>>> print(open('coords.pdb').read())   # PDB, C-alpha atoms and all ligand atoms
ATOM      1  CA  MET A 960      27.911   9.351 -18.829
ATOM      2  CA  ALA A 961      25.502   6.517 -18.016
ATOM      3  CA  THR A 962      22.310   7.684 -16.329
ATOM      4  CA  SER A 963      20.850   5.699 -13.444
ATOM      5  CA  PRO A 964      17.802   3.627 -14.313
ATOM      6  CA  PHE A 965      14.415   4.573 -12.844
ATOM      7  CA  ILE A 966      13.234   1.549 -10.893
ATOM      8  CA  ILE A 967       9.875   0.423  -9.581
ATOM      9  CA  VAL A 968       9.735  -1.791  -6.480
ATOM     10  CA  ALA A 969       6.421  -3.464  -5.591
ATOM     11  CA  ILE A 970       5.934  -4.785  -2.050
ATOM     12  CA  ASP A 971       2.760  -6.709  -1.301
ATOM     13  CA  GLY A 972       1.586  -8.663   1.698
ATOM     14  CA  GLY A 973      -1.037  -9.018   4.403
ATOM     15  CA  ALA A 974      -1.559  -6.705   7.372
ATOM     16  CA  ALA A 975       1.510  -6.295   9.621
ATOM     17  CA  SER A 976       3.709  -8.394   7.351
ATOM     18  CA  GLY A 977       6.512  -5.784   7.434
ATOM     19  CA  LYS A 978       5.673  -3.846   4.244
ATOM     20  CA  SER A 979       5.641  -0.343   5.695
ATOM     21  CA  SER A 980       8.891  -0.487   7.623
ATOM     22  CA  SER A 981      10.780  -2.188   4.824
ATOM     23  CA  SER A 982       9.470   0.091   2.085
ATOM     24  CA  ARG A 983      10.292   3.237   4.103
ATOM     25  CA  THR A 984      13.830   1.997   4.709
ATOM     26  CA  LEU A 985      14.324   1.166   1.019
ATOM     27  CA  SER A 986      12.915   4.567   0.053
ATOM     28  CA  ASP A 987      15.547   6.292   2.211
ATOM     29  CA  ARG A 988      18.388   4.061   1.141
ATOM     30  CA  PHE A 989      17.820   4.282  -2.617
ATOM     31  CA  ASP A 990      16.049   7.661  -2.804
ATOM     32  CA  LEU A 991      12.763   6.205  -4.050
ATOM     33  CA  LEU A 992       9.356   7.839  -3.717
ATOM     34  CA  HIS A 993       7.490   5.871  -1.033
ATOM     35  CA  VAL A 994       3.820   5.106  -1.602
ATOM     36  CA  ASP A 995       1.614   3.366   0.976
ATOM     37  CA  THR A 996      -1.478   2.416  -1.020
ATOM     38  CA  GLY A 997      -3.187   1.010   2.098
ATOM     39  CA  SER A 998      -3.414   4.600   3.331
ATOM     40  CA  PHE A 999      -5.281   5.486   0.108
ATOM     41  CA  TYR A1000      -7.894   2.787   0.687
ATOM     42  CA  ARG A1001      -8.142   3.920   4.294
ATOM     43  CA  ALA A1002      -8.565   7.578   3.299
ATOM     44  CA  LEU A1003     -11.312   6.767   0.792
ATOM     45  CA  THR A1004     -13.012   4.557   3.387
ATOM     46  CA  ALA A1005     -12.898   7.392   5.956
ATOM     47  CA  GLU A1006     -14.344   9.736   3.319
ATOM     48  CA  MET A1007     -17.205   7.330   2.553
ATOM     49  CA  LEU A1008     -17.956   6.874   6.259
ATOM     50  CA  ARG A1009     -17.927  10.663   6.696
ATOM     51  CA  ARG A1010     -20.462  10.954   3.859
ATOM     52  CA  GLY A1011     -22.612   8.161   5.313
ATOM     53  CA  VAL A1012     -22.034   5.887   2.293
ATOM     54  CA  ARG A1013     -22.350   2.157   3.040
ATOM     55  CA  PRO A1014     -20.338  -0.438   1.077
ATOM     56  CA  ASP A1015     -23.545  -2.109  -0.135
ATOM     57  CA  ASP A1016     -24.932   1.107  -1.668
ATOM     58  CA  LEU A1017     -23.218   1.200  -5.044
ATOM     59  CA  ALA A1018     -25.189   4.166  -6.391
ATOM     60  CA  ALA A1019     -24.230   6.329  -3.403
ATOM     61  CA  LEU A1020     -20.633   5.169  -3.662
ATOM     62  CA  GLN A1021     -20.441   6.034  -7.355
ATOM     63  CA  SER A1022     -21.927   9.456  -6.848
ATOM     64  CA  ALA A1023     -19.472  10.141  -4.004
ATOM     65  CA  LEU A1024     -16.564   8.998  -6.210
ATOM     66  CA  ALA A1025     -17.724  11.329  -8.998
ATOM     67  CA  ASP A1026     -17.497  14.185  -6.512
ATOM     68  CA  ILE A1027     -13.930  13.352  -5.452
ATOM     69  CA  LYS A1028     -10.757  14.700  -7.021
ATOM     70  CA  LEU A1029      -7.463  13.023  -6.105
ATOM     71  CA  SER A1030      -4.146  14.839  -6.037
ATOM     72  CA  THR A1031      -0.750  14.349  -4.390
ATOM     73  CA  ARG A1032       1.308  16.113  -1.773
ATOM     74  CA  LEU A1033       4.835  15.077  -0.819
ATOM     75  CA  ARG A1034       5.834  14.670   2.796
ATOM     76  CA  GLY A1035       9.558  13.909   2.863
ATOM     77  CA  ARG A1036       9.965  10.949   0.511
ATOM     78  CA  SER A1037       6.344   9.814   0.881
ATOM     79  CA  ALA A1038       3.427  10.579  -1.421
ATOM     80  CA  GLU A1039       0.263  11.558   0.425
ATOM     81  CA  MET A1040      -3.073  11.464  -1.361
ATOM     82  CA  GLU A1041      -5.308  14.512  -1.154
ATOM     83  CA  ILE A1042      -9.052  14.073  -1.457
ATOM     84  CA  ASN A1043     -10.474  17.337  -2.748
ATOM     85  CA  GLY A1044      -7.318  19.077  -1.588
ATOM     86  CA  ARG A1045      -7.195  17.569   1.908
ATOM     87  CA  VAL A1046      -4.940  14.830   3.308
ATOM     88  CA  ALA A1047      -6.761  12.550   5.764
ATOM     89  CA  GLY A1048      -5.477  12.544   9.341
ATOM     90  CA  ASP A1049      -5.140   9.947  12.080
ATOM     91  CA  GLU A1050      -8.750   8.852  11.665
ATOM     92  CA  ILE A1051      -7.573   6.468   8.919
ATOM     93  CA  ARG A1052      -6.036   4.268  11.660
ATOM     94  CA  SER A1053      -9.220   4.292  13.776
ATOM     95  CA  ARG A1054     -11.071   1.135  14.667
ATOM     96  CA  GLU A1055     -14.033   2.243  12.565
ATOM     97  CA  VAL A1056     -11.886   2.572   9.438
ATOM     98  CA  ASN A1057      -9.954  -0.644  10.220
ATOM     99  CA  ASP A1058     -13.220  -2.552  10.347
ATOM    100  CA  ALA A1059     -14.681  -0.988   7.178
ATOM    101  CA  VAL A1060     -11.662  -0.774   4.869
ATOM    102  CA  SER A1061     -11.627  -4.347   3.528
ATOM    103  CA  PRO A1062     -15.333  -4.344   2.527
ATOM    104  CA  PHE A1063     -14.817  -1.012   0.713
ATOM    105  CA  ALA A1064     -11.555  -2.206  -0.881
ATOM    106  CA  ALA A1065     -13.409  -5.210  -2.326
ATOM    107  CA  ILE A1066     -15.623  -2.943  -4.480
ATOM    108  CA  PRO A1067     -14.352  -2.892  -8.104
ATOM    109  CA  GLU A1068     -15.612   0.692  -8.700
ATOM    110  CA  LEU A1069     -13.627   1.963  -5.727
ATOM    111  CA  ARG A1070     -10.508   0.081  -6.837
ATOM    112  CA  SER A1071     -10.729   1.441 -10.366
ATOM    113  CA  ALA A1072     -11.019   4.986  -8.990
ATOM    114  CA  LEU A1073      -7.539   4.452  -7.530
ATOM    115  CA  LEU A1074      -5.934   2.499 -10.373
ATOM    116  CA  ALA A1075      -4.842   5.326 -12.710
ATOM    117  CA  TYR A1076      -3.997   7.533  -9.745
ATOM    118  CA  GLN A1077      -1.575   4.929  -8.367
ATOM    119  CA  ARG A1078       0.070   4.321 -11.757
ATOM    120  CA  GLY A1079       0.424   8.066 -12.235
ATOM    121  CA  LEU A1080       2.664   8.278  -9.173
ATOM    122  CA  ALA A1081       5.538   6.874 -11.247
ATOM    123  CA  GLY A1082       5.340  10.129 -13.244
ATOM    124  CA  VAL A1083       5.289  12.168 -10.036
ATOM    125  CA  ALA A1084       8.405  10.329  -8.821
ATOM    126  CA  ARG A1085      10.247  11.101 -12.088
ATOM    127  CA  GLU A1086       9.113  14.715 -12.111
ATOM    128  CA  LYS A1087      10.315  15.247  -8.553
ATOM    129  CA  GLY A1088      13.725  13.752  -9.308
ATOM    130  CA  PHE A1089      13.451  10.487  -7.365
ATOM    131  CA  ARG A1090      15.462   7.522  -8.648
ATOM    132  CA  GLY A1091      12.381   5.335  -8.587
ATOM    133  CA  LEU A1092       9.301   4.353  -6.674
ATOM    134  CA  VAL A1093       8.610   1.837  -3.902
ATOM    135  CA  MET A1094       4.917   1.088  -3.612
ATOM    136  CA  GLU A1095       3.373  -1.126  -0.935
ATOM    137  CA  GLY A1096      -0.057  -2.733  -0.945
ATOM    138  CA  ARG A1097      -1.917  -5.892  -1.867
ATOM    139  CA  ASP A1098      -2.031  -5.838  -5.671
ATOM    140  CA  ILE A1099       0.985  -3.761  -6.677
ATOM    141  CA  GLY A1100       3.014  -6.574  -8.264
ATOM    142  CA  SER A1101      -0.061  -8.313  -9.659
ATOM    143  CA  VAL A1102      -2.171  -5.440 -11.038
ATOM    144  CA  ILE A1103      -0.761  -1.917 -10.605
ATOM    145  CA  PHE A1104       2.812  -2.539 -11.761
ATOM    146  CA  PRO A1105       3.074  -6.147 -12.988
ATOM    147  CA  GLN A1106       6.193  -5.089 -14.932
ATOM    148  CA  ALA A1107       7.886  -3.641 -11.819
ATOM    149  CA  ASP A1108      11.655  -4.155 -11.703
ATOM    150  CA  PHE A1109      11.336  -5.888  -8.312
ATOM    151  CA  ARG A1110       8.272  -7.568  -6.868
ATOM    152  CA  PHE A1111       8.336  -8.801  -3.277
ATOM    153  CA  PHE A1112       5.607 -10.593  -1.371
ATOM    154  CA  LEU A1113       5.928 -10.582   2.430
ATOM    155  CA  HIS A1114       4.095 -12.977   4.665
ATOM    156  CA  ALA A1115       4.186 -14.034   8.306
ATOM    157  CA  ASP A1116       2.179 -16.232  10.666
ATOM    158  CA  ALA A1117      -1.032 -14.546  11.803
ATOM    159  CA  GLY A1118      -0.120 -14.960  15.507
ATOM    160  CA  GLU A1119       3.174 -13.153  14.990
ATOM    161  CA  ARG A1120       1.459 -10.366  13.050
ATOM    162  CA  GLU A1121      -1.106  -9.927  15.831
ATOM    163  CA  ARG A1122       1.738  -9.626  18.336
ATOM    164  CA  ARG A1123       3.343  -6.926  16.146
ATOM    165  CA  ARG A1124       0.143  -4.882  16.014
ATOM    166  CA  ALA A1125      -0.449  -5.297  19.754
ATOM    167  CA  GLY A1126       3.138  -4.139  20.318
ATOM    168  CA  GLN A1127       2.243  -0.962  18.403
ATOM    169  CA  GLY A1128      -0.751  -0.533  20.717
ATOM    170  CA  LEU A1129      -3.147  -1.028  17.802
ATOM    171  CA  HIS A1130      -6.340  -2.999  17.593
ATOM    172  CA  ASP A1131      -6.568  -4.694  14.211
ATOM    173  CA  GLN A1132      -8.731  -7.481  12.784
ATOM    174  CA  ILE A1133      -5.777  -8.933  10.920
ATOM    175  CA  ARG A1134      -7.200 -12.368  10.166
ATOM    176  CA  GLU A1135     -10.581 -11.002   9.101
ATOM    177  CA  ARG A1136      -9.054  -8.325   6.856
ATOM    178  CA  ASP A1137      -6.738 -10.882   5.253
ATOM    179  CA  ARG A1138      -9.666 -13.234   4.695
ATOM    180  CA  ILE A1139     -11.677 -10.554   2.874
ATOM    181  CA  ASP A1140      -8.632  -9.155   1.015
ATOM    182  CA  SER A1141      -7.574 -12.627  -0.192
ATOM    183  CA  SER A1142     -11.010 -13.861  -1.214
ATOM    184  CA  ARG A1143     -12.365 -10.834  -3.116
ATOM    185  CA  LYS A1144     -12.866 -11.234  -6.869
ATOM    186  CA  THR A1145     -11.073  -8.053  -7.967
ATOM    187  CA  SER A1146      -7.317  -7.877  -7.363
ATOM    188  CA  PRO A1147      -7.124 -10.257  -4.388
ATOM    189  CA  LEU A1148      -4.129 -10.354  -2.080
ATOM    190  CA  THR A1149      -1.903 -12.946  -3.693
ATOM    191  CA  CYS A1150       1.742 -13.665  -4.398
ATOM    192  CA  SER A1151       1.879 -13.153  -8.159
ATOM    193  CA  ASP A1152       3.959 -15.367 -10.464
ATOM    194  CA  GLY A1153       7.600 -14.369 -10.436
ATOM    195  CA  ALA A1154       7.401 -12.317  -7.229
ATOM    196  CA  THR A1155       9.992 -13.042  -4.531
ATOM    197  CA  SER A1156       8.179 -14.444  -1.518
ATOM    198  CA  ILE A1157       9.750 -13.683   1.878
ATOM    199  CA  ASN A1158       8.565 -15.208   5.153
ATOM    200  CA  THR A1159       9.145 -12.576   7.851
ATOM    201  CA  THR A1160       7.894 -14.610  10.836
ATOM    202  CA  HIS A1161      11.254 -15.556  12.300
ATOM    203  CA  VAL A1162      13.590 -12.962  10.837
ATOM    204  CA  THR A1163      14.292  -9.394  11.873
ATOM    205  CA  LEU A1164      13.188  -6.436   9.843
ATOM    206  CA  ASP A1165      16.852  -5.682   9.140
ATOM    207  CA  GLN A1166      17.323  -9.107   7.587
ATOM    208  CA  VAL A1167      14.255  -8.626   5.374
ATOM    209  CA  VAL A1168      15.458  -5.213   4.245
ATOM    210  CA  GLU A1169      18.978  -6.500   3.527
ATOM    211  CA  GLN A1170      17.604  -9.275   1.316
ATOM    212  CA  MET A1171      15.558  -6.777  -0.698
ATOM    213  CA  ALA A1172      18.320  -4.163  -0.778
ATOM    214  CA  ALA A1173      20.870  -6.694  -2.061
ATOM    215  CA  ALA A1174      18.587  -7.463  -5.006
ATOM    216  CA  ILE A1175      17.902  -3.798  -5.766
ATOM    217  CA  ALA A1176      21.594  -2.881  -5.515
ATOM    218  CA  THR A1177      22.285  -5.089  -8.528
ATOM    219  CA  ARG A1178      20.467  -2.445 -10.597
ATOM    220  CA  LEU A1179      20.824   0.766  -8.611
ATOM    221  CA  PRO A1180      23.616   1.769  -6.194
ATOM    222  CA  PRO A1181      22.426   3.070  -2.801
ATOM    223  CA  ALA A1182      21.916   6.868  -2.857
TER
HETATM  224  O1  LIG A1201      -1.894  -1.870   4.259
HETATM  225  P1  LIG A1201      -3.116  -1.543   5.122
HETATM  226  O2  LIG A1201      -3.359  -2.589   6.164
HETATM  227  O3  LIG A1201      -3.100  -0.166   5.668
HETATM  228  O4  LIG A1201      -4.334  -1.624   4.070
HETATM  229  C1  LIG A1201      -5.655  -1.367   4.464
HETATM  230  C2  LIG A1201      -6.636  -2.127   3.572
HETATM  231  O5  LIG A1201      -6.620  -1.568   2.261
HETATM  232  C3  LIG A1201      -6.371  -3.598   3.403
HETATM  233  O6  LIG A1201      -7.030  -4.376   4.389
HETATM  234  C4  LIG A1201      -6.902  -3.885   2.031
HETATM  235  C5  LIG A1201      -6.829  -2.581   1.297
HETATM  236  N1  LIG A1201      -5.765  -2.507   0.289
HETATM  237  C6  LIG A1201      -6.020  -3.050  -0.929
HETATM  238  O7  LIG A1201      -7.060  -3.656  -1.121
HETATM  239  N2  LIG A1201      -5.120  -2.927  -1.936
HETATM  240  C7  LIG A1201      -3.962  -2.290  -1.740
HETATM  241  N3  LIG A1201      -3.097  -2.149  -2.749
HETATM  242  C8  LIG A1201      -3.662  -1.736  -0.465
HETATM  243  C9  LIG A1201      -4.587  -1.889   0.547
END
>>> encode(input="coords.pdb", output="C-alpha cells")
Amino acid sequence: MATSPFIIVAIDGGAASGKSSSSRTLSDRFDLLHVDTGSFYRALTAEMLRRGVRPDDLAALQSALADIKLSTRLRGRSAEMEINGRVAGDEIRSREVNDAVSPFAAIPELRSALLAYQRGLAGVAREKGFRGLVMEGRDIGSVIFPQADFRFFLHADAGERERRRAGQGLHDQIRERDRIDSSRKTSPLTCSDGATSINTTHVTLDQVVEQMAAAIATRLPPA
C-alpha cells in the first residue's frame, strides 16, 4: 500500500496579506500541523520587553536568550511555542509588541535562536501523526524550509491590508513593519526564487485558498 507523502508548505508575506487565514484553512483541509512563526517573534519580543531588554543592547539580549528554553504545545492543529514552559497570551497582539517586534526580529542572534526550533517542528508534525506542516512567516520559503514542497508568497496593496486590520479592530503599523522586515540584512521579507507569488488585493480569501489547495492536492488528497 502506498503511504501518503509528508509535505511542507511555506507561506510568506507581509502583515495582513492573508497568511494566517489561508494557512489555518489548509491545515484543516489537509491535516497539516499549522505553525504561525510571527507569533514566535511576538512572544520573544514580549519576553524581552518583560525583562526590560532593549533591541540595541545585544549583551542583555544574548544573556536573556541563554536563559530561555523553547518547547512546543499543541492546540488543535496549531503548534504553540512555550518559553520556559509558558505560552504567551494576548499581550503578543498589544500595541507595544506590534511596535517592537520588527526591530527585535531584525537581530540575527534572535533569529538564530528560533531557526533550529522552527525546523524541528517538522519532526513534531511527523511524531504527532500529521500529514505535513504548513508554516507561515517572512522567511519560511527562503531560509527555514527552502526545499519545501510548496512555497507561496502572498502580497496585497498596503491600503487594502490596513483596511483588513482596521476591520479586525486592530491598530498595526503595517507599512513601517514591512519596511523594517524587508530591509533588514538577515532573512528579509522577500519572494524567493521559485515561490508562487499571489496578489490577494482583489480576490477573496476563498479564491486564494482554492489556488493553493489545487496545487497541494496534486501531491496529497484532502484529509
Ligand atoms: O506575522 P506577524 O505580523 O505576526 O509577524 C510579526 C513580526 O515578526 C513581523 O513584523 C516580522 C517578524 N517575523 C519575522 O521576521 N520572520 C518570520 N518568519 C515571521 C515573523
>>> closest_residue(input="coords.pdb", among="A:Phe1063, A:Phe989, A:Tyr1000, A:Phe965", to="ligand LIG 1201 (chain A)", atoms="all atoms listed in the file")
A:Tyr1000
>>> resolve_selection(input="coords.pdb", expression="the PyMOL selection byres (((not hetatm)) within 6 of (chain A and resi 1201))", output="ChimeraX atom specification")
/A:974,996-998,1000-1001,1060-1061,1064,1096-1099,1136,1140
>>> resolve_selection(input="coords.pdb", expression="the PyMOL selection byres (((chain A and resi 969) around 6) and not hetatm)", output="PDB file with C-alpha atoms, in the coordinates of the input")
ATOM      1  CA  VAL A 968       9.735  -1.791  -6.480  1.00  0.00           C
ATOM      2  CA  ILE A 970       5.934  -4.785  -2.050  1.00  0.00           C
ATOM      3  CA  VAL A1093       8.610   1.837  -3.902  1.00  0.00           C
ATOM      4  CA  MET A1094       4.917   1.088  -3.612  1.00  0.00           C
ATOM      5  CA  ILE A1099       0.985  -3.761  -6.677  1.00  0.00           C
ATOM      6  CA  GLY A1100       3.014  -6.574  -8.264  1.00  0.00           C
ATOM      7  CA  ARG A1110       8.272  -7.568  -6.868  1.00  0.00           C
TER       8      ARG A1110
END
>>> closest_residue(input="coords.pdb", among="A:Glu1055, A:Asp971, A:Asp1131, A:Glu1039", to="Phe1111 (chain A)", atoms="only C-alpha atoms")
A:Asp971
>>> closest_residue(input="coords.pdb", among="A:Pro1180, A:Gly977, A:Gly1011, A:Pro964", to="Thr1163 (chain A)", atoms="only C-alpha atoms")
A:Gly977
>>> decode(input="coords.pdb", residues="region 1031-1087 of chain A", atoms="C-alpha atoms", output="CSV table (one decimal), in the first residue's frame")
chain,number,residue,atom,x,y,z
A,1031,THR,CA,6.1,23.1,22.0
A,1032,ARG,CA,2.5,22.6,23.0
A,1033,LEU,CA,-0.3,21.6,20.5
A,1034,ARG,CA,-3.6,23.5,20.5
A,1035,GLY,CA,-5.8,21.7,18.0
A,1036,ARG,CA,-3.8,21.6,14.8
A,1037,SER,CA,-1.6,24.5,15.8
A,1038,ALA,CA,1.9,24.5,17.4
A,1039,GLU,CA,2.3,26.9,20.2
A,1040,MET,CA,5.7,27.9,21.5
A,1041,GLU,CA,6.4,27.7,25.2
A,1042,ILE,CA,9.1,30.0,26.7
A,1043,ASN,CA,10.3,28.3,29.8
A,1044,GLY,CA,7.2,26.2,29.9
A,1045,ARG,CA,4.7,29.1,29.4
A,1046,VAL,CA,2.7,30.0,26.2
A,1047,ALA,CA,2.4,33.8,25.8
A,1048,GLY,CA,-1.1,35.3,26.0
A,1049,ASP,CA,-2.9,38.1,24.2
A,1050,GLU,CA,-0.1,40.6,25.1
A,1051,ILE,CA,1.6,39.4,21.9
A,1052,ARG,CA,-1.0,41.4,19.9
A,1053,SER,CA,-0.6,44.5,22.0
A,1054,ARG,CA,0.4,47.8,20.5
A,1055,GLU,CA,3.7,47.7,22.5
A,1056,VAL,CA,4.6,44.4,21.0
A,1057,ASN,CA,3.4,45.4,17.5
A,1058,ASP,CA,5.7,48.4,17.6
A,1059,ALA,CA,8.8,46.5,18.9
A,1060,VAL,CA,8.6,43.2,17.1
A,1061,SER,CA,10.2,44.2,13.8
A,1062,PRO,CA,13.3,45.8,15.5
A,1063,PHE,CA,13.8,42.6,17.6
A,1064,ALA,CA,13.1,40.4,14.5
A,1065,ALA,CA,15.9,42.2,12.7
A,1066,ILE,CA,18.5,41.0,15.2
A,1067,PRO,CA,20.5,38.0,13.8
A,1068,GLU,CA,21.1,36.4,17.3
A,1069,LEU,CA,17.4,36.4,18.0
A,1070,ARG,CA,16.6,34.9,14.6
A,1071,SER,CA,19.2,32.2,15.0
A,1072,ALA,CA,17.7,31.3,18.4
A,1073,LEU,CA,14.5,30.4,16.5
A,1074,LEU,CA,16.0,28.8,13.5
A,1075,ALA,CA,16.6,25.2,14.7
A,1076,TYR,CA,13.4,25.4,16.8
A,1077,GLN,CA,11.3,26.1,13.7
A,1078,ARG,CA,12.9,23.4,11.6
A,1079,GLY,CA,12.4,20.9,14.4
A,1080,LEU,CA,8.6,21.4,14.1
A,1081,ALA,CA,8.7,19.2,11.1
A,1082,GLY,CA,9.7,16.3,13.4
A,1083,VAL,CA,7.0,17.2,15.8
A,1084,ALA,CA,4.4,17.1,13.0
A,1085,ARG,CA,5.6,13.6,12.0
A,1086,GLU,CA,5.7,12.4,15.5
A,1087,LYS,CA,2.1,13.6,16.2
